[in-house]
Structures are given as C-alpha cells and as structure tokens.
Amino acid sequence: MRSTRQKSAGERACFIGRSFEIDYGAAMTVLNVYADDGETMRYEVTAGPYKGASAQVRYEFEEIGPGLYALSWQEADQGTVVHIDDFTAGRSRSFYTTARHGFVRMAGILREISSTAR
C-alpha cells in the first residue's frame with residue numbers, strides 16, 4: 001500500500017521537481033534530485049568515503065509539518081533509508097540500515113541546488 005500524501009488536491013510536496021545537496025560533514029555530501037513524478041529520486045554521493053555511489057530509487061513520503069517531510073526508500077542492496085528533511089529550515093536527519101544490518105545516523109545541512117530535476 002502506498003502511503004504517499006500530498007498537501008491537498010492540486011498541490012504537491014515542496015521538494016518534488018527540485019534538487020538538493022545535503023552536507024553530512026565528514027560522513028558524506030549527497031545530491032538528491034527529485035523527479036516531477038513524486039515517486040522517484042536520483043542520488044549521488046559527491047564527497048566522503050562513498051563518493052561516486054549513485055542510484056535511482058522509488059520513495060514514499062509524508063508531510064509531518066510545514067515543509068517537514070519523512071521520506072523512505074529501500075536501496076538495491078536491501079539497505080533501508082529514512083530521512084526527516086526540513087526543507088524550510090534547511091536541515092536533514094538520516095537513518096540508514098545497511099544490507100549487513102549496520103545502523104548509521106547522520107545530521108546535516110540541506111540546501112537547494114536547482115528547481116528543475118535533472
């Protein structure tokens with residue numbers, strides 16, 4: 001069952017069709033490009049130990065406050081990712097369970113790169 005919720009009829013989540021960089025400090029910097037379909041996102045790790053990693057994923061989201069969203073997806077290796085992204089305040093919290101059952105928590109700065117998905 002898909003639990004994606006839009007704000008209201010005719011409106012869509014503030015991040016759809018836009019691109020954002022998230023700087024998680026020494027852990028990594030990542031570029032998230034959200035497609036206009038509201039279901040797919042392409043990410044690329046641009047700095048840190050996983051630099052060069054990239055994929056396209058199908059995500060689900062729920063708005064939990066004004067400009068504040070919970071987003072989740074499963075990666076090809078079966079790792080799971082949950083973000084709590086505050087697009088208004090420019091902050092991101094990420095919780096990642098690796099395919100080998102490791103658990104990673106990160107907090108970083110979120111900033112828009114482009115308003116058109118590439």
# chains A, B, ... in the order shown; residues from 1 in each chain; ligands from 1
>>> closest_atom_pairs(of="segment 9-38 of chain A", to="segment 53-64 of chain A", cutoff="12 Å", atoms="only C-alpha atoms", output="tab-separated table")
residue	atom	partner	partner_atom	distance
A:Arg12	CA	A:Glu63	CA	10.3
A:Ala13	CA	A:Glu63	CA	7.8
A:Cys14	CA	A:Glu63	CA	9.8
A:Phe15	CA	A:Phe61	CA	10.7
A:Ile16	CA	A:Phe61	CA	10.8
A:Met28	CA	A:Ala53	CA	10.7
A:Thr29	CA	A:Ala53	CA	11.0
A:Val30	CA	A:Ser54	CA	9.2
A:Leu31	CA	A:Ser54	CA	9.2
A:Asn32	CA	A:Gln56	CA	9.6
A:Val33	CA	A:Gln56	CA	9.2
A:Tyr34	CA	A:Gln56	CA	9.7
A:Ala35	CA	A:Gln56	CA	10.0
A:Asp37	CA	A:Arg58	CA	10.2
A:Gly38	CA	A:Tyr59	CA	8.3
>>> residues_around(residues="Pro66 of chain A", least_positions_apart="6", cutoff="12 Å", atoms="only C-alpha atoms", output="PyMOL selection string")
chain A and resi 7+13-14+85-89
>>> write_last_selection(atoms="C-alpha atoms", output="PDB file, in the first residue's frame")
ATOM      1  CA  LYS A   7      -0.659  18.571   0.816  1.00  0.00           C
ATOM      2  CA  ALA A  13       5.274  18.420  -1.846  1.00  0.00           C
ATOM      3  CA  CYS A  14       7.742  21.323  -1.883  1.00  0.00           C
ATOM      4  CA  ASP A  85      14.051  16.632   5.958  1.00  0.00           C
ATOM      5  CA  ASP A  86      13.083  20.167   6.914  1.00  0.00           C
ATOM      6  CA  PHE A  87      13.117  21.993   3.600  1.00  0.00           C
ATOM      7  CA  THR A  88      12.145  25.278   5.286  1.00  0.00           C
ATOM      8  CA  ALA A  89      14.911  25.285   7.919  1.00  0.00           C
TER       9      ALA A  89
END
>>> select_by_dssp(residues="segment 35-94 of chain A", states="strand (DSSP E or B)", output="VMD selection string")
chain A and resid 40 to 47 54 to 65 68 to 74 80 to 86 91 to 94
>>> residues_around(residues="Glu112 of chain A", least_positions_apart="3", cutoff="7 Å", atoms="only C-alpha atoms", output="PyMOL selection string")
chain A and resi 19-21
>>> write_last_selection(atoms="N, CA and C atoms", output="compact mmCIF listing (two decimals), in the first residue's frame")
# COMPACT_ATOMS: atom_id res chain seq x y z
N SER A 19 16.18 19.90 -6.82
CA SER A 19 17.42 19.21 -6.45
C SER A 19 18.02 19.85 -5.21
N PHE A 20 18.52 18.99 -4.32
CA PHE A 20 19.07 19.46 -3.05
C PHE A 20 20.39 18.77 -2.74
N GLU A 21 21.31 19.55 -2.18
CA GLU A 21 22.56 18.99 -1.65
C GLU A 21 22.41 18.88 -0.14
>>> closest_residue(among="A:Gly108, A:Gly102, A:Gly65, A:Gly17", to="Val81 of chain A", atoms="only C-alpha atoms")
A:Gly102
>>> closest_residue(among="A:Leu71, A:Gly48, A:Ile113, A:Gly79", to="Arg93 of chain A", atoms="only C-alpha atoms")
A:Leu71
>>> closest_residue(among="A:Thr98, A:Gly52, A:His83, A:Trp73", to="Glu39 of chain A", atoms="only C-alpha atoms")
A:Trp73
>>> atom_distance(atom1="atom CA of Thr80 of chain A", atom2="atom CA of Thr40 of chain A")
15.2 Å
>>> closest_residue(among="A:Arg18, A:Ile84, A:Ala107, A:Lys51", to="Asp36 of chain A", atoms="only C-alpha atoms")
A:Arg18
>>> decode(residues="segment 18-117 of chain A", atoms="C-alpha atoms", output="short mmCIF file (atom, residue, chain, number, x, y, z; two decimals), in the first residue's frame")
data_model
loop_
_atom_site.label_atom_id
_atom_site.label_comp_id
_atom_site.auth_asym_id
_atom_site.auth_seq_id
_atom_site.Cartn_x
_atom_site.Cartn_y
_atom_site.Cartn_z
CA ARG A 18 13.82 20.13 -7.32
CA SER A 19 17.42 19.21 -6.45
CA PHE A 20 19.07 19.46 -3.05
CA GLU A 21 22.56 18.99 -1.65
CA ILE A 22 22.85 17.57 1.85
CA ASP A 23 26.16 18.04 3.65
CA TYR A 24 26.50 15.44 6.40
CA GLY A 25 30.01 16.63 7.29
CA ALA A 26 32.80 14.03 7.20
CA ALA A 27 30.29 11.21 6.59
CA MET A 28 29.26 12.39 3.11
CA THR A 29 27.74 15.02 0.89
CA VAL A 30 24.92 13.86 -1.34
CA LEU A 31 22.90 15.35 -4.19
CA ASN A 32 19.22 14.34 -4.25
CA VAL A 33 17.33 15.04 -7.47
CA TYR A 34 13.57 14.57 -7.05
CA ALA A 35 11.70 13.81 -10.28
CA ASP A 36 8.43 15.52 -11.16
CA ASP A 37 6.53 12.24 -10.70
CA GLY A 38 6.66 12.47 -6.89
CA GLU A 39 7.89 8.87 -6.67
CA THR A 40 11.47 8.69 -7.91
CA MET A 41 14.66 10.33 -6.79
CA ARG A 42 18.22 10.04 -8.06
CA TYR A 43 21.03 10.45 -5.57
CA GLU A 44 24.77 10.81 -5.99
CA VAL A 45 27.33 10.88 -3.20
CA THR A 46 29.64 13.77 -4.14
CA ALA A 47 32.05 13.73 -1.17
CA GLY A 48 33.16 11.37 1.57
CA PRO A 49 34.14 7.70 1.69
CA TYR A 50 31.27 6.65 -0.63
CA LYS A 51 31.96 9.33 -3.26
CA GLY A 52 30.69 8.22 -6.65
CA ALA A 53 27.89 5.99 -5.35
CA SER A 54 24.62 6.75 -7.11
CA ALA A 55 21.24 5.20 -7.80
CA GLN A 56 17.68 5.95 -8.70
CA VAL A 57 15.14 4.90 -6.06
CA ARG A 58 11.38 4.91 -5.57
CA TYR A 59 10.49 6.66 -2.33
CA GLU A 60 7.45 7.33 -0.20
CA PHE A 61 6.86 10.44 1.85
CA GLU A 62 4.56 12.04 4.34
CA GLU A 63 4.41 15.67 5.35
CA ILE A 64 4.71 15.81 9.14
CA GLY A 65 4.77 19.60 9.49
CA PRO A 66 5.03 22.70 7.29
CA GLY A 67 7.99 21.99 4.99
CA LEU A 68 8.93 18.97 7.14
CA TYR A 69 8.82 15.54 5.50
CA ALA A 70 9.56 11.93 6.37
CA LEU A 71 10.90 10.17 3.27
CA SER A 72 11.83 6.50 3.00
CA TRP A 73 13.13 4.03 0.43
CA GLN A 74 14.87 0.71 0.06
CA GLU A 75 18.10 0.51 -1.89
CA ALA A 76 19.05 -2.19 -4.41
CA ASP A 77 21.26 -3.95 -1.81
CA GLN A 78 18.23 -4.10 0.55
CA GLY A 79 19.53 -1.30 2.79
CA THR A 80 16.78 1.00 4.07
CA VAL A 81 16.87 4.77 4.38
CA VAL A 82 14.63 7.18 6.29
CA HIS A 83 15.10 10.94 6.10
CA ILE A 84 13.44 13.61 8.18
CA ASP A 85 14.05 16.63 5.96
CA ASP A 86 13.08 20.17 6.91
CA PHE A 87 13.12 21.99 3.60
CA THR A 88 12.15 25.28 5.29
CA ALA A 89 14.91 25.29 7.92
CA GLY A 90 17.46 23.53 5.66
CA ARG A 91 18.15 20.55 7.92
CA SER A 92 18.25 16.80 7.31
CA ARG A 93 18.35 13.79 9.63
CA SER A 94 19.10 10.44 8.00
CA PHE A 95 18.74 6.94 9.42
CA TYR A 96 20.22 4.14 7.32
CA THR A 97 20.22 0.40 7.93
CA THR A 98 22.85 -1.23 5.73
CA ALA A 99 22.42 -4.53 3.91
CA ARG A 100 24.68 -6.06 6.60
CA HIS A 101 22.45 -4.71 9.39
CA GLY A 102 24.70 -1.84 10.40
CA PHE A 103 22.92 1.32 11.53
CA VAL A 104 24.03 4.84 10.60
CA ARG A 105 22.61 8.15 11.88
CA MET A 106 23.54 11.45 10.26
CA ALA A 107 22.51 15.10 10.57
CA GLY A 108 23.30 17.74 8.02
CA ILE A 109 22.59 20.95 6.17
CA LEU A 110 20.10 20.82 3.29
CA ARG A 111 20.22 23.40 0.52
CA GLU A 112 18.52 23.70 -2.84
CA ILE A 113 20.75 23.37 -5.88
CA SER A 114 18.15 23.69 -8.65
CA SER A 115 14.39 23.97 -9.03
CA THR A 116 14.40 21.72 -12.11
CA ALA A 117 15.05 17.98 -11.75
#
